[in-house]
Each structure stands twice: as C-alpha cells, then as structure tokens.
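Structure file entry_26.txt; described as compact mmCIF, C-alpha atoms.
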```txt
# COMPACT_ATOMS: atom_id res chain seq x y z
CA MET A 1 -18.93 -58.32 -120.05
CA ASP A 2 -19.66 -59.04 -116.42
CA SER A 3 -18.97 -62.72 -116.07
CA PRO A 4 -16.25 -63.95 -113.75
CA SER A 5 -14.33 -65.37 -116.68
CA CYS A 6 -12.97 -62.30 -118.44
CA GLY A 7 -9.54 -63.56 -119.41
CA LEU A 8 -7.77 -62.20 -116.31
CA THR A 9 -6.07 -64.08 -113.51
CA PHE A 10 -6.37 -62.61 -110.02
CA PRO A 11 -4.57 -63.78 -106.89
CA PHE A 12 -5.96 -67.03 -105.44
CA GLY A 13 -8.31 -67.46 -108.41
CA MET A 14 -10.67 -64.73 -107.23
CA PRO A 15 -13.39 -63.52 -109.65
CA PRO A 16 -13.16 -59.91 -110.89
CA GLU A 17 -15.72 -58.61 -108.37
CA LYS A 18 -13.38 -59.66 -105.54
CA GLY A 19 -10.09 -59.81 -107.37
CA ARG A 20 -10.25 -56.17 -108.38
CA TRP A 21 -9.77 -55.27 -104.71
CA SER A 22 -6.40 -57.04 -104.81
CA LEU A 23 -5.35 -54.56 -107.50
CA VAL A 24 -6.33 -51.70 -105.19
CA LEU A 25 -4.22 -53.27 -102.41
CA LEU A 26 -1.21 -53.60 -104.71
CA GLY A 27 -1.65 -50.00 -105.87
CA MET A 28 -1.85 -48.90 -102.24
CA ILE A 29 1.45 -50.63 -101.36
CA ILE A 30 3.17 -49.19 -104.43
CA ASN A 31 1.94 -45.72 -103.50
CA LEU A 32 3.19 -46.21 -99.96
CA CYS A 33 6.68 -46.52 -101.45
CA LEU A 34 6.16 -43.63 -103.86
CA GLY A 35 4.94 -41.44 -100.99
CA THR A 36 8.15 -41.68 -98.96
CA LEU A 37 8.81 -38.05 -99.89
CA TYR A 38 6.07 -37.05 -97.42
CA SER A 39 8.61 -37.69 -94.67
CA TRP A 40 10.68 -34.78 -95.99
CA SER A 41 10.28 -32.63 -92.89
CA VAL A 42 12.25 -35.29 -90.97
CA PHE A 43 15.14 -34.71 -93.39
CA VAL A 44 15.15 -30.88 -93.15
CA GLU A 45 17.23 -30.38 -90.00
CA PRO A 46 19.68 -33.28 -90.63
CA LEU A 47 20.28 -32.04 -94.19
CA THR A 48 20.88 -28.51 -92.92
CA ASP A 49 23.40 -29.85 -90.40
CA TYR A 50 25.07 -32.12 -92.95
CA PHE A 51 25.64 -29.42 -95.55
CA SER A 52 26.63 -26.72 -93.06
CA LYS A 53 28.74 -28.75 -90.62
CA ASP A 54 30.12 -31.63 -92.68
CA LEU A 55 30.48 -29.90 -96.06
CA GLY A 56 30.79 -26.29 -94.92
CA GLN A 57 27.96 -25.10 -97.17
CA ALA A 58 25.43 -22.74 -95.58
CA VAL A 59 21.87 -23.46 -96.74
CA THR A 60 18.74 -21.35 -96.31
CA ALA A 61 15.26 -22.53 -95.37
CA ASN A 62 14.20 -22.11 -99.00
CA GLU A 63 17.12 -24.18 -100.31
CA VAL A 64 16.56 -27.14 -98.01
CA LEU A 65 12.89 -27.25 -99.08
CA MET A 66 13.73 -27.02 -102.79
CA PRO A 67 14.36 -30.76 -103.42
CA PHE A 68 10.88 -31.49 -101.98
CA SER A 69 9.27 -28.78 -104.15
CA ALA A 70 11.19 -29.92 -107.24
CA PHE A 71 10.19 -33.53 -106.64
CA ILE A 72 6.47 -32.79 -106.66
CA ALA A 73 6.69 -30.20 -109.45
CA VAL A 74 8.50 -32.67 -111.73
CA PHE A 75 6.10 -35.37 -110.56
CA SER A 76 3.10 -33.34 -111.77
CA VAL A 77 4.62 -32.28 -115.10
CA THR A 78 5.65 -35.87 -115.83
CA MET A 79 2.07 -37.03 -115.32
CA VAL A 80 1.00 -34.72 -118.14
CA LEU A 81 3.79 -35.79 -120.48
CA THR A 82 3.27 -39.51 -119.94
CA GLY A 83 -0.54 -39.57 -119.85
CA GLY A 84 -0.82 -40.79 -123.44
CA TYR A 85 1.55 -43.69 -122.83
CA VAL A 86 -0.69 -45.02 -120.07
CA GLU A 87 -3.21 -45.89 -122.79
CA ARG A 88 -0.66 -47.49 -125.10
CA PHE A 89 1.13 -49.80 -122.66
CA GLN A 90 0.05 -52.17 -119.93
CA PRO A 91 -0.05 -50.55 -116.47
CA ARG A 92 2.62 -52.92 -115.14
CA ILE A 93 5.16 -51.62 -117.67
CA ILE A 94 4.49 -47.99 -116.80
CA ILE A 95 4.54 -48.58 -113.04
CA ILE A 96 7.74 -50.68 -113.13
CA THR A 97 9.45 -47.90 -115.09
CA GLY A 98 8.27 -45.34 -112.57
CA GLY A 99 9.28 -47.48 -109.60
CA ILE A 100 12.80 -47.93 -110.98
CA LEU A 101 13.25 -44.18 -111.52
CA THR A 102 11.86 -43.37 -108.06
CA GLY A 103 14.23 -45.81 -106.40
CA LEU A 104 17.16 -44.48 -108.41
CA GLY A 105 16.29 -40.92 -107.39
CA TRP A 106 16.56 -41.82 -103.71
CA LEU A 107 19.59 -44.01 -104.25
CA LEU A 108 21.53 -41.43 -106.28
CA ALA A 109 20.60 -38.69 -103.80
CA SER A 110 22.98 -40.38 -101.37
CA THR A 111 25.89 -39.22 -103.56
CA ALA A 112 24.89 -35.51 -103.61
CA THR A 113 27.57 -33.05 -102.49
CA SER A 114 25.51 -29.87 -102.94
CA MET A 115 21.90 -28.81 -102.59
CA LEU A 116 21.71 -28.32 -106.36
CA ALA A 117 22.87 -31.90 -106.95
CA LEU A 118 20.35 -33.17 -104.39
CA THR A 119 17.58 -31.23 -106.12
CA VAL A 120 18.46 -32.75 -109.50
CA LEU A 121 19.09 -36.33 -108.37
CA PHE A 122 16.28 -36.57 -105.83
CA GLY A 123 13.83 -33.97 -107.11
CA VAL A 124 14.08 -34.51 -110.86
CA ILE A 125 14.83 -38.23 -111.21
CA GLY A 126 12.70 -39.31 -108.26
CA GLY A 127 9.91 -36.92 -109.23
CA MET A 128 9.84 -38.31 -112.77
CA GLY A 129 9.46 -41.82 -111.38
CA VAL A 130 6.49 -40.96 -109.17
CA GLY A 131 4.88 -38.96 -111.98
CA ILE A 132 5.06 -41.99 -114.26
CA ALA A 133 3.75 -44.55 -111.78
CA TYR A 134 1.28 -42.67 -109.55
CA GLY A 135 -1.29 -41.69 -112.18
CA THR A 136 -1.30 -45.21 -113.57
CA THR A 137 -2.30 -46.74 -110.24
CA ILE A 138 -5.20 -44.26 -110.11
CA ALA A 139 -6.24 -45.12 -113.68
CA VAL A 140 -6.32 -48.83 -112.80
CA ALA A 141 -8.59 -48.19 -109.80
CA ALA A 142 -10.87 -45.80 -111.72
CA ARG A 143 -11.43 -48.34 -114.51
CA TRP A 144 -12.05 -51.34 -112.29
CA PHE A 145 -14.51 -49.43 -110.07
CA PRO A 146 -17.01 -47.43 -112.15
CA ASP A 147 -19.53 -48.24 -109.41
CA ARG A 148 -17.41 -47.08 -106.43
CA ARG A 149 -14.83 -44.85 -108.04
CA GLY A 150 -14.34 -42.39 -105.18
CA LEU A 151 -13.74 -45.14 -102.64
CA ALA A 152 -11.42 -47.15 -104.89
CA VAL A 153 -9.33 -44.14 -105.89
CA GLY A 154 -9.21 -42.96 -102.27
CA MET A 155 -8.03 -46.39 -101.10
CA THR A 156 -5.38 -46.55 -103.83
CA VAL A 157 -3.86 -43.17 -103.00
CA LEU A 158 -4.23 -43.88 -99.27
CA GLY A 159 -0.84 -45.58 -99.56
CA VAL A 160 0.83 -42.26 -100.36
CA GLY A 161 -0.83 -40.61 -97.40
CA PHE A 162 0.00 -43.37 -94.94
CA SER A 163 3.57 -43.59 -96.20
CA ALA A 164 4.95 -41.23 -93.57
CA VAL A 165 3.36 -43.35 -90.82
CA VAL A 166 5.98 -45.96 -91.67
CA THR A 167 8.76 -43.93 -93.24
CA ALA A 168 8.97 -40.93 -90.88
CA ASN A 169 9.98 -42.94 -87.82
CA LEU A 170 12.05 -45.27 -90.00
CA ALA A 171 13.87 -42.27 -91.47
CA GLY A 172 14.49 -40.86 -88.00
CA TYR A 173 15.96 -44.17 -86.83
CA LEU A 174 18.13 -44.62 -89.93
CA ILE A 175 19.39 -41.03 -89.81
CA ASN A 176 20.39 -41.39 -86.17
CA SER A 177 21.99 -44.80 -86.77
CA TYR A 178 23.65 -44.47 -90.17
CA GLY A 179 23.51 -40.83 -91.22
CA ILE A 180 21.44 -38.80 -93.62
CA MET A 181 23.03 -39.93 -96.90
CA ALA A 182 22.98 -43.61 -96.00
CA THR A 183 19.25 -43.20 -95.32
CA PHE A 184 18.68 -42.01 -98.90
CA LEU A 185 20.56 -45.09 -100.13
CA ILE A 186 18.57 -47.53 -97.98
CA PHE A 187 15.23 -46.02 -99.01
CA GLY A 188 16.20 -46.19 -102.68
CA ILE A 189 17.03 -49.89 -102.47
CA GLY A 190 13.81 -50.60 -100.58
CA ILE A 191 11.64 -48.77 -103.12
CA LEU A 192 13.19 -50.74 -105.98
CA ALA A 193 12.74 -54.05 -104.17
CA ILE A 194 9.05 -53.48 -103.41
CA THR A 195 7.51 -51.57 -106.33
CA VAL A 196 8.78 -53.69 -109.22
CA PRO A 197 7.30 -57.07 -108.17
CA MET A 198 4.12 -55.43 -106.84
CA ALA A 199 3.42 -53.93 -110.27
CA LEU A 200 3.47 -57.21 -112.17
CA PRO A 201 -0.22 -58.23 -111.64
CA LEU A 202 -1.66 -54.78 -112.47
CA THR A 203 -3.80 -54.58 -115.61
CA TYR A 204 -6.89 -52.83 -117.00
CA PRO A 205 -10.26 -54.56 -117.32
CA PRO A 206 -11.11 -55.82 -120.81
CA PRO A 207 -13.26 -53.55 -123.03
CA GLY A 208 -16.91 -53.60 -122.01
CA TRP A 209 -16.33 -55.13 -118.59
CA LYS A 210 -18.57 -53.93 -115.78
CA PRO A 211 -19.14 -55.16 -112.22
CA ARG A 212 -21.75 -57.89 -111.84
CA GLY A 213 -25.13 -56.37 -111.04
CA TRP A 214 -24.09 -52.80 -111.84
CA ASN A 215 -26.10 -51.09 -114.55
CA PRO A 216 -24.90 -47.59 -115.43
CA ALA A 217 -27.39 -45.00 -116.59
CA LEU A 218 -28.07 -44.93 -120.31
CA PRO A 219 -27.09 -41.73 -122.13
CA GLY A 220 -29.68 -39.07 -121.40
CA GLU A 221 -31.53 -41.20 -118.86
CA PHE A 222 -30.38 -39.32 -115.76
CA HIS A 223 -29.23 -35.77 -115.23
CA ASP A 224 -25.94 -36.90 -113.71
CA GLU A 225 -24.67 -39.14 -116.53
CA THR A 226 -20.94 -38.73 -117.00
CA PRO A 227 -19.84 -36.79 -120.07
CA GLU A 228 -16.74 -37.78 -121.99
CA PHE A 229 -14.21 -35.03 -122.70
CA THR A 230 -10.84 -35.12 -124.37
CA ARG A 231 -8.02 -33.22 -122.70
CA ARG A 232 -8.51 -30.29 -125.07
CA GLU A 233 -12.26 -30.16 -124.42
CA MET A 234 -11.86 -30.47 -120.66
CA VAL A 235 -10.09 -27.12 -120.20
CA ARG A 236 -12.96 -25.11 -121.73
CA PRO A 237 -15.81 -25.24 -119.16
CA PRO A 238 -15.68 -23.19 -115.92
CA ALA A 239 -15.74 -26.44 -113.95
CA PHE A 240 -12.13 -27.13 -114.95
CA CYS A 241 -11.01 -23.68 -113.81
CA GLY A 242 -12.80 -24.14 -110.49
CA LEU A 243 -11.33 -27.58 -109.90
CA PHE A 244 -7.81 -26.44 -110.83
CA ILE A 245 -7.85 -23.38 -108.54
CA CYS A 246 -9.33 -25.30 -105.62
CA TYR A 247 -6.82 -28.12 -106.02
CA PHE A 248 -4.01 -25.55 -106.16
CA ILE A 249 -5.12 -23.84 -102.94
CA GLY A 250 -5.64 -27.15 -101.12
CA SER A 251 -2.17 -28.24 -102.23
CA ILE A 252 -0.49 -25.01 -101.09
CA ALA A 253 -1.90 -25.39 -97.58
CA GLY A 254 -1.26 -29.12 -97.32
CA LEU A 255 2.20 -29.29 -98.85
CA MET A 256 3.35 -26.36 -96.77
CA ALA A 257 2.26 -28.30 -93.69
CA VAL A 258 3.99 -31.47 -94.90
CA SER A 259 7.27 -29.71 -95.62
CA ILE A 260 7.58 -27.94 -92.25
CA ALA A 261 5.71 -30.22 -89.85
CA LYS A 262 8.75 -31.19 -87.79
CA PRO A 263 10.65 -27.86 -87.68
CA ALA A 264 7.43 -25.94 -87.01
CA GLY A 265 6.80 -28.18 -84.02
CA THR A 266 10.28 -27.81 -82.59
CA GLU A 267 10.61 -24.08 -83.26
CA LEU A 268 7.10 -22.68 -82.72
CA VAL A 269 5.76 -24.76 -79.84
CA HIS A 270 9.10 -26.24 -78.64
CA ILE A 271 8.28 -29.92 -78.98
CA GLU A 272 11.19 -32.28 -78.34
CA THR A 273 12.82 -33.51 -81.57
CA GLY A 274 11.94 -37.20 -81.12
CA LEU A 275 8.30 -36.40 -80.40
CA ALA A 276 8.15 -34.07 -83.41
CA THR A 277 9.34 -36.93 -85.63
CA SER A 278 6.67 -39.24 -84.18
CA LEU A 279 4.04 -36.57 -84.78
CA VAL A 280 4.93 -36.52 -88.48
CA ALA A 281 3.90 -40.18 -88.55
CA PHE A 282 0.74 -39.29 -86.60
CA PHE A 283 -0.18 -36.57 -89.09
CA ALA A 284 0.32 -39.06 -91.89
CA LEU A 285 -2.58 -41.07 -90.46
CA PHE A 286 -4.82 -38.11 -91.25
CA ASN A 287 -3.25 -37.66 -94.66
CA GLY A 288 -3.93 -41.29 -95.47
CA GLY A 289 -7.33 -41.46 -93.83
CA GLY A 290 -8.46 -38.28 -95.54
CA ARG A 291 -8.24 -39.96 -98.94
CA PRO A 292 -10.91 -42.65 -98.63
CA LEU A 293 -12.99 -40.40 -96.35
CA PHE A 294 -13.11 -37.50 -98.78
CA GLY A 295 -13.41 -39.95 -101.68
CA MET A 296 -16.58 -41.38 -100.14
CA LEU A 297 -17.89 -37.88 -99.41
CA THR A 298 -17.30 -36.91 -103.04
CA ASP A 299 -19.44 -39.89 -104.08
CA ARG A 300 -22.19 -39.17 -101.56
CA ILE A 301 -22.57 -35.42 -101.01
CA ASN A 302 -21.21 -34.28 -104.42
CA PRO A 303 -17.81 -32.72 -105.23
CA ARG A 304 -18.69 -29.08 -104.55
CA ASN A 305 -19.97 -29.72 -101.01
CA THR A 306 -16.93 -31.85 -100.27
CA ALA A 307 -14.63 -29.07 -101.50
CA LEU A 308 -16.48 -26.50 -99.37
CA LEU A 309 -16.06 -28.69 -96.30
CA SER A 310 -12.32 -29.03 -96.95
CA PHE A 311 -11.85 -25.26 -97.11
CA VAL A 312 -13.78 -24.74 -93.88
CA LEU A 313 -11.39 -27.18 -92.20
CA ILE A 314 -8.29 -25.58 -93.77
CA ALA A 315 -9.45 -22.12 -92.64
CA ALA A 316 -10.04 -23.43 -89.12
CA ALA A 317 -6.55 -24.94 -89.06
CA GLY A 318 -4.95 -21.70 -90.21
CA LEU A 319 -6.79 -19.67 -87.58
CA LEU A 320 -6.05 -22.17 -84.83
CA MET A 321 -2.30 -22.26 -85.43
CA TRP A 322 -2.15 -18.49 -85.92
CA LEU A 323 -4.11 -17.58 -82.79
CA VAL A 324 -3.29 -20.54 -80.52
CA PRO A 325 0.35 -21.54 -81.21
CA THR A 326 0.43 -24.15 -78.45
CA ILE A 327 1.18 -27.87 -78.59
CA PRO A 328 -2.53 -28.87 -78.72
CA GLY A 329 -3.17 -26.15 -81.32
CA TYR A 330 -0.20 -27.32 -83.38
CA ILE A 331 -1.30 -30.95 -83.33
CA ALA A 332 -4.90 -30.15 -84.24
CA ALA A 333 -3.98 -27.67 -86.98
CA PHE A 334 -1.42 -29.89 -88.69
CA ALA A 335 -3.67 -32.94 -88.44
CA LEU A 336 -6.39 -30.98 -90.28
CA LEU A 337 -4.00 -29.65 -92.91
CA TRP A 338 -2.48 -33.06 -93.62
CA GLY A 339 -5.97 -34.60 -93.68
CA CYS A 340 -7.31 -32.06 -96.15
CA LEU A 341 -4.28 -32.52 -98.40
CA GLY A 342 -5.07 -36.23 -98.48
CA GLY A 343 -8.67 -35.29 -99.15
CA TRP A 344 -7.78 -33.26 -102.23
CA LEU A 345 -5.69 -36.13 -103.57
CA ALA A 346 -8.93 -38.14 -103.62
CA ILE A 347 -11.34 -35.32 -104.54
CA ALA A 348 -9.45 -34.14 -107.62
CA PRO A 349 -9.01 -37.48 -109.44
CA THR A 350 -12.56 -38.52 -108.59
CA VAL A 351 -14.01 -35.22 -109.80
CA THR A 352 -11.95 -35.44 -112.99
CA ALA A 353 -13.57 -38.79 -113.76
CA GLN A 354 -17.07 -37.67 -112.68
CA TYR A 355 -17.02 -34.35 -114.54
CA PHE A 356 -14.98 -35.23 -117.61
CA GLY A 357 -15.23 -39.03 -118.03
CA ILE A 358 -12.60 -41.74 -118.33
CA SER A 359 -12.10 -42.04 -122.10
CA ASP A 360 -9.07 -39.71 -121.89
CA TYR A 361 -8.64 -39.92 -118.12
CA PRO A 362 -4.85 -40.29 -117.72
CA ARG A 363 -4.15 -37.24 -119.87
CA CYS A 364 -7.01 -35.24 -118.36
CA TYR A 365 -5.98 -35.89 -114.77
CA GLY A 366 -2.39 -35.14 -115.72
CA VAL A 367 -3.44 -31.58 -116.58
CA VAL A 368 -5.50 -31.24 -113.40
CA PHE A 369 -2.55 -32.55 -111.38
CA LEU A 370 -0.45 -29.58 -112.50
CA ALA A 371 -2.32 -27.69 -109.78
CA TYR A 372 -0.72 -30.00 -107.22
CA GLY A 373 2.71 -29.41 -108.74
CA ALA A 374 2.21 -25.65 -108.62
CA GLY A 375 1.14 -25.97 -104.99
CA ALA A 376 4.31 -27.97 -104.30
CA ILE A 377 6.36 -24.97 -105.34
CA ALA A 378 4.19 -22.27 -103.79
CA GLY A 379 3.48 -23.92 -100.40
CA PRO A 380 6.97 -24.88 -99.19
CA GLN A 381 8.55 -21.79 -100.74
CA LEU A 382 5.96 -19.57 -99.00
CA ALA A 383 6.98 -21.20 -95.74
CA GLY A 384 10.67 -20.68 -96.52
CA ILE A 385 10.19 -17.01 -97.37
CA VAL A 386 8.21 -16.37 -94.20
CA LYS A 387 10.89 -18.13 -92.11
CA THR A 388 13.69 -16.14 -93.77
CA LEU A 389 11.91 -12.78 -93.34
CA THR A 390 10.47 -13.23 -89.85
CA GLY A 391 12.66 -15.86 -88.23
CA ASN A 392 9.83 -18.39 -87.73
CA TYR A 393 6.92 -20.04 -89.54
CA LEU A 394 4.02 -18.42 -87.66
CA GLY A 395 3.25 -15.89 -90.42
CA VAL A 396 2.36 -18.73 -92.81
CA PHE A 397 -0.93 -19.45 -91.08
CA PRO A 398 -2.87 -16.22 -91.67
CA ALA A 399 -1.99 -16.70 -95.34
CA VAL A 400 -3.42 -20.23 -95.18
CA PHE A 401 -6.64 -18.86 -93.69
CA ALA A 402 -6.96 -16.22 -96.45
CA LEU A 403 -6.33 -18.78 -99.19
CA ALA A 404 -8.98 -21.08 -97.73
CA VAL A 405 -11.54 -18.28 -97.86
CA VAL A 406 -10.73 -17.70 -101.53
CA GLY A 407 -10.98 -21.45 -102.20
CA PHE A 408 -14.39 -21.63 -100.53
CA PHE A 409 -15.88 -19.02 -102.86
CA VAL A 410 -14.22 -20.47 -105.96
CA ALA A 411 -15.65 -23.91 -105.11
CA PHE A 412 -19.10 -22.46 -104.43
CA PHE A 413 -19.37 -20.63 -107.74
CA LEU A 414 -17.34 -22.75 -110.16
CA MET A 415 -17.19 -26.40 -109.05
CA LYS A 416 -20.33 -27.52 -110.85
CA PRO A 417 -20.66 -30.38 -113.36
CA PRO A 418 -20.15 -29.17 -116.95
CA LYS A 419 -23.21 -29.20 -119.14
CA LYS A 420 -23.79 -32.50 -120.87
CA ARG A 421 -22.96 -32.38 -124.51
CA ALA A 422 -21.99 -34.61 -127.38
CA ARG A 423 -18.30 -35.25 -127.72
CA LEU A 424 -16.78 -32.92 -130.31
```
Starting from the file, lay out its structure as structure tokens.
Amino acid sequence: MDSPSCGLTFPFGMPPEKGRWSLVLLGMIINLCLGTLYSWSVFVEPLTDYFSKDLGQAVTANEVLMPFSAFIAVFSVTMVLTGGYVERFQPRIIIITGGILTGLGWLLASTATSMLALTVLFGVIGGMGVGIAYGTTIAVAARWFPDRRGLAVGMTVLGVGFSAVVTANLAGYLINSYGIMATFLIFGIGILAITVPMALPLTYPPPGWKPRGWNPALPGEFHDETPEFTRREMVRPPAFCGLFICYFIGSIAGLMAVSIAKPAGTELVHIETGLATSLVAFFALFNGGGRPLFGMLTDRINPRNTALLSFVLIAAAGLLMWLVPTIPGYIAAFALLWGCLGGWLAIAPTVTAQYFGISDYPRCYGVVFLAYGAGAIAGPQLAGIVKTLTGNYLGVFPAVFALAVVGFFVAFFLMKPPKKRARL
C-alpha cells in the first residue's frame, strides 16, 4: 500500500512520503521536552544548597544524584511494562499519557521537602511518564521509515539529546531568578503545555504500507533480511547479550558524564559557574548530534563497527580527562562522552529493529532499554562514590577507560546479526 491516499491526514495535505517527516519533527519536539532531565547537573549544586542551607538537611553527592538515577531507572522499567500497550492503543493516547505524567513529575517536585520526596515525585512519577511516551515516539519513526530507519530514529531521539541546549541555560536563568523549586514548577507546566497537543497527530502507518519506490528484500533473497523475533525469542541469541552489555557500558559512561558535567567542570578544572552551565548546553549539541550521526553509521557501516567506534571514542575521552585534567581536556572529553551517549540512544533501537524485527518491537526494545536504566543507576552512583571517597570526580575516568575496553571486545565478538530462522 504505497499510494499517497492511505487514509491518513498529514499537516498541509502532504502525502505520506513527505508527511511522515512531520511525524518525526513532532516526535523530536516531544522528546525535547521529555529530555529536560539531561540538564540535571545544573540542578546539583542549587539543590545541595537548598536542602543544606534552607532546610538544614545535609545531602551527599550520591543523594543529590539519586533523583536523576531513579528517573532513568523507572523510565527504562516502565518501557518494558508498557510495551504491549503500544500495540493496543494509538500512539497519541500513549504519548499524551506519558506527557501528562512527565509534567506532573516536574510540577510536583516543586513541593518536595526532602531528597526522598524529590526522588519519588520527580524520579518515579516523571520517569514513568518518559518511559511511557519515549518508546512510542521511536516506534512511530521505525514503522514509518523501514527504508531509512537509523536516520529516522536518530532524528526522533535527537530531541532528547538537544534538550539541554535549551533547558540548561533556561534552568540556570530560572534558578537564579526564581529559585530551584519554582524552576521545577515552571518546567512541569511547560512540558504539559507542549507535549499534549504535539502528540495529537501521531499515528502508525496502515498495515502493508511502504514508502513509494521502496522494495524490501523477499524472504531468503538476501543474506541481510530482517528476522522477526518475539520478546521471548530475542533474549536467546548471543547478539542480544552483546547488545545489552554494550548498551549498558555506553550508558554508564554517558550518564555519568551527564550527571556531573557542571560540578566536574567547576571542581576539577575550576571553570566559572556561569560558563560551566553554558558548557552543559554545548555538550548537549554533541548528545543530540550523535543520534542521527550514529544512526546513519549504523545503517551504513553496520552495527558492530559503529559500536566499536563508539568505544574507541569513549576510551579516548576517559584517558584524556584522566591524564589531561585541563579546561580543553575537560571540554573535549565531555563532548565525546555526551556524543557517544547520544550515539547509543540511536544505535540500540536501530539494532533492535535490524536484528530482531519490528513485529514485537515496542516490547523487544523495552527489554533492551533496561541496559540504559541499569547504566543510569551505575554511572551517576559510581561518580558519587568516587567523589565521596576521594573528594573529587577524577577517579571516575580511569574506570570509564577500562569499561570502554571491555565494551570494545564484547562488541567485536558478540554484536553480530542472529542467524535467520523461522519464527517459532
């Protein structure tokens, strides 16, 4: 079914071949709102001051990073639990539900009077919202672009990566002008106001639709035809284990960098606070840009080679920051780490579709995404432990280098397409 008239109405009457890009744009804007949490490092020092000075509650480096870790951990678990509902309901319904919960998480966080309350209100409620909505935007892009899946998925999730470009400096301004808790409130209202209307046009293509002029390989015709696995079947081949471990390692390195970008700059290389906030927005350019870039590389040079490249870059970043803790070294290392995190957020969903098919994609990618959630706990908490034990974050970076070496060998030996077989 590749005719322009397929029963769907796109903005400005565009045919599906052009109109499907409008769905990618809407998904990108929604993800920009969902990705506001990537500005968390801007909140670390103001939150520490607020709880210690205003409320008289001493907080450790681990505790102030816990809401961020909880947010992404709940985010990833929710993707698994809601994967089946993505198939049963229209995408707009799922994404509106997720957008409302995300906005409420930020809004209710403004009432928190303890770090535990902030973790529950922001981390659990907000994380559930992103977990519900995020995977659905990816599923929409993957289904509308069987011909350019890596690029479309990378462009859709680019919004999450670029979010801190907008929200980091905005958060810094709002915190300085209105205070930390008022900033949570303002962000919550903004997320609600943007995500709900943006979700209304999102839909899946009708059964059998394919892009005009695109003719997929017939079963058995080419060696790289995509198999179709259920979630239960997907976890059996070594390719799943390789993808999961590599995604976990990439997430540890990247989310650690996201969570401490500002304090690492001010404490390790003594950057002025305002410049450190601006650099968070600068790093977000790499996080966002890494998504379509690595998505295209996954399409063109195959997933394993793309994964190997990412681990070379992560290892280089770890070594650079460890051995050359200067302002140029800090900027280069964190730009690479943020960029590779964005890369893995395009590599993993694209590889899931390429290796395991799209018939059970939302549930399959939900399982794969648990690696990201595990990295959300391990990465920031590793940074917090190192800071507590040593007094600074420098000791994190040799660990990042070692993890990248492990990831390189796991990708080399295990990230290979599973053998083609009939669906069980």
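Note that the spacing between atom CA of A:Phe184 and atom CA of A:Asp49 amounts to 15.6 Å.
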(request) Show which residues sit within 7 Å of A:Gly35, as number ranges by chain. Count only C-alpha atoms, and ignore same-chain residues fewer than 4 positions away. (result) A: 31, 160-161, 163
(message) At a cut-off of 10 Å, using all atoms listed in the file, what residues contact A:Gly342? Leave out same-chain residues fewer than 2 positions from it and give the result as a ChimeraX atom specification.
(response) /A:154,157-158,160-162,250-251,254,284-295,336-340,344-347
(message) When you look at A:Leu192 with a cut-off of 7 Å (counting all atoms listed in the file), what residues show up, excluding the ones that are within fewer than 2 positions of it in the same chain? I need them as a list in words.
(response) Gly99, Ile100, Gly103, Gly188, Ile189, Gly190, Ile194, Thr195 and Val196 of chain A
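Restricting the calculation to only C-alpha atoms, the smallest distance between A:Val235 and any of A:Ala276, A:Ile385, A:Ile94, A:Cys364 is found for A:Cys364.
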Will you model N, CA and C atoms for stretch 241-253 of chain A and pass it back as an mmCIF file, in the coordinates of the input?
```cif
data_model
loop_
_atom_site.group_PDB
_atom_site.id
_atom_site.type_symbol
_atom_site.label_atom_id
_atom_site.label_comp_id
_atom_site.auth_asym_id
_atom_site.auth_seq_id
_atom_site.Cartn_x
_atom_site.Cartn_y
_atom_site.Cartn_z
ATOM 1 N N CYS A 241 -11.683 -24.790 -114.483
ATOM 2 C CA CYS A 241 -11.010 -23.680 -113.810
ATOM 3 C C CYS A 241 -11.238 -23.753 -112.306
ATOM 4 N N GLY A 242 -12.485 -24.029 -111.910
ATOM 5 C CA GLY A 242 -12.800 -24.140 -110.490
ATOM 6 C C GLY A 242 -12.051 -25.269 -109.824
ATOM 7 N N LEU A 243 -12.039 -26.431 -110.464
ATOM 8 C CA LEU A 243 -11.330 -27.580 -109.900
ATOM 9 C C LEU A 243 -9.840 -27.291 -109.791
ATOM 10 N N PHE A 244 -9.255 -26.697 -110.817
ATOM 11 C CA PHE A 244 -7.810 -26.440 -110.830
ATOM 12 C C PHE A 244 -7.427 -25.471 -109.718
ATOM 13 N N ILE A 245 -8.172 -24.372 -109.574
ATOM 14 C CA ILE A 245 -7.850 -23.380 -108.540
ATOM 15 C C ILE A 245 -8.014 -23.972 -107.149
ATOM 16 N N CYS A 246 -9.097 -24.707 -106.934
ATOM 17 C CA CYS A 246 -9.330 -25.300 -105.620
ATOM 18 C C CYS A 246 -8.257 -26.323 -105.271
ATOM 19 N N TYR A 247 -7.874 -27.135 -106.238
ATOM 20 C CA TYR A 247 -6.820 -28.120 -106.020
ATOM 21 C C TYR A 247 -5.498 -27.417 -105.706
ATOM 22 N N PHE A 248 -5.228 -26.325 -106.391
ATOM 23 C CA PHE A 248 -4.010 -25.550 -106.160
ATOM 24 C C PHE A 248 -3.981 -25.002 -104.737
ATOM 25 N N ILE A 249 -5.082 -24.420 -104.288
ATOM 26 C CA ILE A 249 -5.120 -23.840 -102.940
ATOM 27 C C ILE A 249 -5.013 -24.943 -101.880
ATOM 28 N N GLY A 250 -5.747 -26.043 -102.067
ATOM 29 C CA GLY A 250 -5.640 -27.150 -101.120
ATOM 30 C C GLY A 250 -4.232 -27.703 -101.046
ATOM 31 N N SER A 251 -3.540 -27.718 -102.190
ATOM 32 C CA SER A 251 -2.170 -28.240 -102.230
ATOM 33 C C SER A 251 -1.183 -27.289 -101.564
ATOM 34 N N ILE A 252 -1.362 -25.980 -101.754
ATOM 35 C CA ILE A 252 -0.490 -25.010 -101.090
ATOM 36 C C ILE A 252 -0.530 -25.226 -99.572
ATOM 37 N N ALA A 253 -1.742 -25.264 -99.035
ATOM 38 C CA ALA A 253 -1.900 -25.390 -97.580
ATOM 39 C C ALA A 253 -1.333 -26.723 -97.087
#
```
